[in-house]
$ cat entry-v7.json   # JSON, C-alpha atoms and all ligand atoms
[["chain", "number", "residue", "atom", "x", "y", "z"],
["A", 1, "MET", "CA", -12.05, -8.86, 17.00],
["A", 2, "PRO", "CA", -12.15, -9.23, 13.22],
["A", 3, "GLU", "CA", -9.56, -11.53, 11.78],
["A", 4, "LEU", "CA", -7.21, -10.03, 9.28],
["A", 5, "ALA", "CA", -7.41, -11.49, 5.82],
["A", 6, "GLU", "CA", -3.71, -10.98, 5.35],
["A", 7, "PRO", "CA", -1.87, -10.81, 8.66],
["A", 8, "ALA", "CA", 1.47, -10.76, 6.89],
["A", 9, "ALA", "CA", 0.50, -7.69, 4.89],
["A", 10, "ALA", "CA", -0.60, -5.94, 8.06],
["A", 11, "VAL", "CA", 2.68, -6.75, 9.80],
["A", 12, "GLU", "CA", 4.66, -5.51, 6.85],
["A", 13, "GLN", "CA", 3.20, -2.05, 7.14],
["A", 14, "PHE", "CA", 5.79, -1.55, 9.85],
["A", 15, "ASP", "CA", 9.55, -1.62, 9.99],
["A", 16, "CYS", "CA", 10.78, -4.44, 12.20],
["A", 17, "PRO", "CA", 12.21, -3.27, 15.53],
["A", 18, "THR", "CA", 14.15, -6.53, 15.84],
["A", 19, "CYS", "CA", 15.84, -7.15, 12.53],
["A", 20, "GLU", "CA", 15.36, -3.59, 11.26],
["A", 21, "VAL", "CA", 14.00, -4.48, 7.85],
["A", 22, "PRO", "CA", 11.93, -1.72, 6.27],
["A", 23, "ALA", "CA", 8.17, -1.86, 5.80],
["A", 24, "GLY", "CA", 7.28, -4.01, 2.83],
["A", 25, "SER", "CA", 9.93, -6.62, 3.53],
["A", 26, "THR", "CA", 9.77, -9.94, 5.33],
["A", 27, "CYS", "CA", 11.71, -10.44, 8.54],
["A", 28, "ARG", "CA", 15.28, -11.56, 8.20],
["A", 29, "THR", "CA", 17.35, -14.05, 10.15],
["A", 30, "ARG", "CA", 20.87, -13.32, 11.33],
["A", 31, "GLY", "CA", 22.06, -15.57, 8.56],
["A", 32, "GLY", "CA", 20.50, -13.31, 5.94],
["A", 33, "GLU", "CA", 17.58, -15.54, 5.05],
["A", 34, "VAL", "CA", 13.88, -14.87, 5.02],
["A", 35, "ALA", "CA", 12.71, -15.68, 8.55],
["A", 36, "PRO", "CA", 10.02, -18.40, 8.81],
["A", 37, "LYS", "CA", 7.89, -16.05, 10.92],
["A", 38, "TYR", "CA", 7.72, -12.38, 11.78],
["A", 39, "HIS", "CA", 9.44, -11.13, 14.90],
["A", 40, "THR", "CA", 7.11, -10.71, 17.85],
["A", 41, "PRO", "CA", 7.83, -7.01, 18.52],
["A", 42, "ARG", "CA", 6.90, -6.32, 14.91],
["A", 43, "PHE", "CA", 3.50, -8.00, 14.82],
["A", 44, "MET", "CA", 2.73, -6.55, 18.25],
["A", 45, "LEU", "CA", 2.49, -3.23, 16.40],
["A", 46, "VAL", "CA", -0.71, -4.54, 14.79],
["A", 47, "PRO", "CA", -3.47, -4.39, 17.42],
["A", 48, "GLN", "CA", -5.42, -7.28, 15.84],
["A", 49, "LEU", "CA", -2.40, -9.57, 16.10],
["A", 50, "ARG", "CA", -1.45, -8.94, 19.71],
["A", 51, "ALA", "CA", -3.12, -12.15, 20.83],
["A", 52, "GLU", "CA", -1.14, -14.22, 18.36],
["A", 53, "LEU", "CA", 1.86, -16.25, 19.43],
["A", 54, "GLU", "CA", 3.39, -16.17, 16.01],
["A", 55, "VAL", "CA", 2.72, -14.87, 12.54],
["A", 56, "LYS", "CA", 4.20, -17.04, 9.86],
["A", 57, "THR", "CA", 5.82, -15.72, 6.75],
["A", 58, "PRO", "CA", 3.67, -16.72, 3.75],
["A", 59, "ALA", "CA", 5.15, -19.56, 1.73],
["A", 60, "ASP", "CA", 5.19, -17.42, -1.38],
["A", 61, "ARG", "CA", 7.57, -15.00, 0.31],
["A", 62, "GLY", "CA", 10.19, -17.72, 0.37],
["A", 63, "PRO", "CA", 10.96, -18.39, 4.03],
["A", 64, "GLY", "CA", 14.43, -19.94, 4.31],
["A", 65, "ARG", "CA", 15.62, -18.44, 1.05],
["A", 66, "ALA", "CA", 18.07, -15.58, 0.75],
["A", 67, "TRP", "CA", 16.46, -12.38, 2.00],
["A", 68, "ALA", "CA", 15.91, -9.51, -0.38],
["A", 69, "ARG", "CA", 14.36, -6.16, 0.32],
["A", 70, "GLY", "CA", 10.73, -6.05, -0.69],
["A", 71, "PRO", "CA", 9.09, -3.24, -2.60],
["A", 72, "ALA", "CA", 9.05, -0.08, -0.53],
["A", 73, "ILE", "CA", 5.71, 1.09, 0.73],
["A", 74, "SER", "CA", 5.12, 4.70, -0.10],
["A", 75, "GLY", "CA", 2.82, 7.20, 1.52],
["A", 76, "SER", "CA", -0.62, 5.81, 2.12],
["A", 77, "LEU", "CA", -0.72, 2.28, 3.42],
["A", 78, "SER", "CA", -2.65, -0.08, 1.26],
["A", 79, "PRO", "CA", -1.94, -3.65, 2.27],
["A", 80, "GLY", "CA", -2.79, -6.15, -0.37],
["A", 81, "VAL", "CA", -2.46, -3.72, -3.24],
["A", 82, "ARG", "CA", 1.28, -4.09, -3.45],
["A", 83, "GLY", "CA", 2.46, -6.76, -5.79],
["A", 84, "ARG", "CA", -0.83, -7.11, -7.54],
["A", 85, "ILE", "CA", -0.71, -7.02, -11.27],
["A", 86, "ARG", "CA", -2.54, -4.18, -12.89],
["A", 87, "LEU", "CA", -4.99, -5.49, -15.43],
["A", 88, "GLY", "CA", -5.13, -3.66, -18.71],
["A", 89, "THR", "CA", -6.71, -0.27, -19.03],
["A", 90, "CYS", "CA", -10.27, 0.09, -17.92],
["A", 91, "ARG", "CA", -11.11, 3.47, -19.31],
["A", 101, "ZN", "ZN", 12.09, -8.87, 12.10]]

$ encode --input "entry-v7.json" --output "structure tokens" --more "lines below"
Ligand SMILES: [Zn+2]
Amino acid sequence: MPELAEPAAAVEQFDCPTCEVPAGSTCRTRGGEVAPKYHTPRFMLVPQLRAELEVKTPADRGPGRAWARGPAISGSLSPGVRGRIRLGTCR
């Protein structure tokens, strides 16, 4: 099975059934902080990650810091595109 380049991005295509954060956001602890890893029922929604025991929250998403809703994902899913800076105009 091909390994995902960005497991976290794949997980975040889904809302979390456990902590109920919307797609595009990291998982949240009961204390309102960014969870250090994604909840199992959430990453089980990604077929390629079903064999994993845990999927860690990337360090740049600030695990342990106060949780804030991430940018909403709209319409078509394009993991990895979100958050990237658009470079100039290419036309
Ligand atoms: Zn969660």

$ residues_near_ligand --input "entry-v7.json" --ligand "ligand ZN 101 (chain A)" --cutoff "10 Å" --atoms "all atoms listed in the file" --output "list in words"
Val11, Glu12, Phe14, Asp15, Cys16, Pro17, Thr18, Cys19, Glu20, Val21, Pro22, Ser25, Thr26, Cys27, Arg28, Thr29, Arg30, Val34, Ala35, Lys37, Tyr38, His39, Thr40, Pro41, Arg42 and Phe43 of chain A

$ atom_distance --input "entry-v7.json" --atom1 "atom CA of Pro71 of chain A" --atom2 "atom CA of Pro47 of chain A"
23.7 Å

$ axis_aligned_box --input "entry-v7.json" --around "segment 18-29 of chain A" --padding-each-side "5 Å" --output "AutoDock Vina command-line options"
--center_x 12.3 --center_y -7.9 --center_z 9.3 --size_x 20.1 --size_y 22.3 --size_z 23.0

$ atom_distance --input "entry-v7.json" --atom1 "atom CA of Asp60 of chain A" --atom2 "atom CA of Pro7 of chain A"
13.9 Å

$ closest_residue --input "entry-v7.json" --among "A:Ala51, A:Ala23, A:Met44, A:Ala66" --to "Ala9 of chain A" --atoms "all atoms listed in the file"
A:Ala23

$ atom_distance --input "entry-v7.json" --atom1 "atom CA of Gly64 of chain A" --atom2 "atom CA of Glu3 of chain A"
26.5 Å

$ build_atoms --input "entry-v7.json" --residues "segment 26-38 of chain A" --atoms "N, CA, C and O atoms" --output "mmCIF file, keeping the file's coordinate frame"
data_model
loop_
_atom_site.group_PDB
_atom_site.id
_atom_site.type_symbol
_atom_site.label_atom_id
_atom_site.label_comp_id
_atom_site.auth_asym_id
_atom_site.auth_seq_id
_atom_site.Cartn_x
_atom_site.Cartn_y
_atom_site.Cartn_z
ATOM 1 N N THR A 26 9.928 -8.901 4.324
ATOM 2 C CA THR A 26 9.770 -9.940 5.330
ATOM 3 C C THR A 26 10.858 -9.801 6.379
ATOM 4 O O THR A 26 11.864 -9.133 6.148
ATOM 5 N N CYS A 27 10.668 -10.437 7.519
ATOM 6 C CA CYS A 27 11.710 -10.440 8.540
ATOM 7 C C CYS A 27 12.894 -11.265 8.056
ATOM 8 O O CYS A 27 12.765 -12.122 7.197
ATOM 9 N N ARG A 28 14.026 -10.974 8.657
ATOM 10 C CA ARG A 28 15.280 -11.560 8.200
ATOM 11 C C ARG A 28 15.971 -12.242 9.373
ATOM 12 O O ARG A 28 15.942 -11.731 10.491
ATOM 13 N N THR A 29 16.569 -13.382 9.103
ATOM 14 C CA THR A 29 17.350 -14.050 10.150
ATOM 15 C C THR A 29 18.746 -13.446 10.195
ATOM 16 O O THR A 29 19.153 -12.732 9.283
ATOM 17 N N ARG A 30 19.486 -13.791 11.245
ATOM 18 C CA ARG A 30 20.870 -13.320 11.330
ATOM 19 C C ARG A 30 21.706 -13.835 10.186
ATOM 20 O O ARG A 30 22.705 -13.244 9.812
ATOM 21 N N GLY A 31 21.310 -14.976 9.664
ATOM 22 C CA GLY A 31 22.060 -15.570 8.560
ATOM 23 C C GLY A 31 21.739 -14.955 7.211
ATOM 24 O O GLY A 31 22.294 -15.366 6.205
ATOM 25 N N GLY A 32 20.816 -13.984 7.192
ATOM 26 C CA GLY A 32 20.500 -13.310 5.940
ATOM 27 C C GLY A 32 19.460 -14.033 5.109
ATOM 28 O O GLY A 32 19.370 -13.833 3.906
ATOM 29 N N GLU A 33 18.654 -14.867 5.767
ATOM 30 C CA GLU A 33 17.580 -15.540 5.050
ATOM 31 C C GLU A 33 16.237 -14.979 5.463
ATOM 32 O O GLU A 33 16.129 -14.332 6.503
ATOM 33 N N VAL A 34 15.227 -15.259 4.656
ATOM 34 C CA VAL A 34 13.880 -14.870 5.020
ATOM 35 C C VAL A 34 13.465 -15.681 6.249
ATOM 36 O O VAL A 34 13.542 -16.904 6.239
ATOM 37 N N ALA A 35 13.083 -14.985 7.317
ATOM 38 C CA ALA A 35 12.710 -15.680 8.550
ATOM 39 C C ALA A 35 11.408 -16.450 8.332
ATOM 40 O O ALA A 35 10.549 -16.018 7.567
ATOM 41 N N PRO A 36 11.240 -17.605 8.984
ATOM 42 C CA PRO A 36 10.020 -18.400 8.810
ATOM 43 C C PRO A 36 8.795 -17.728 9.426
ATOM 44 O O PRO A 36 7.671 -18.037 9.081
ATOM 45 N N LYS A 37 9.020 -16.797 10.353
ATOM 46 C CA LYS A 37 7.890 -16.050 10.920
ATOM 47 C C LYS A 37 8.365 -14.646 11.278
ATOM 48 O O LYS A 37 9.562 -14.394 11.367
ATOM 49 N N TYR A 38 7.391 -13.771 11.468
ATOM 50 C CA TYR A 38 7.720 -12.380 11.780
ATOM 51 C C TYR A 38 8.121 -12.260 13.245
ATOM 52 O O TYR A 38 7.628 -12.999 14.093
#
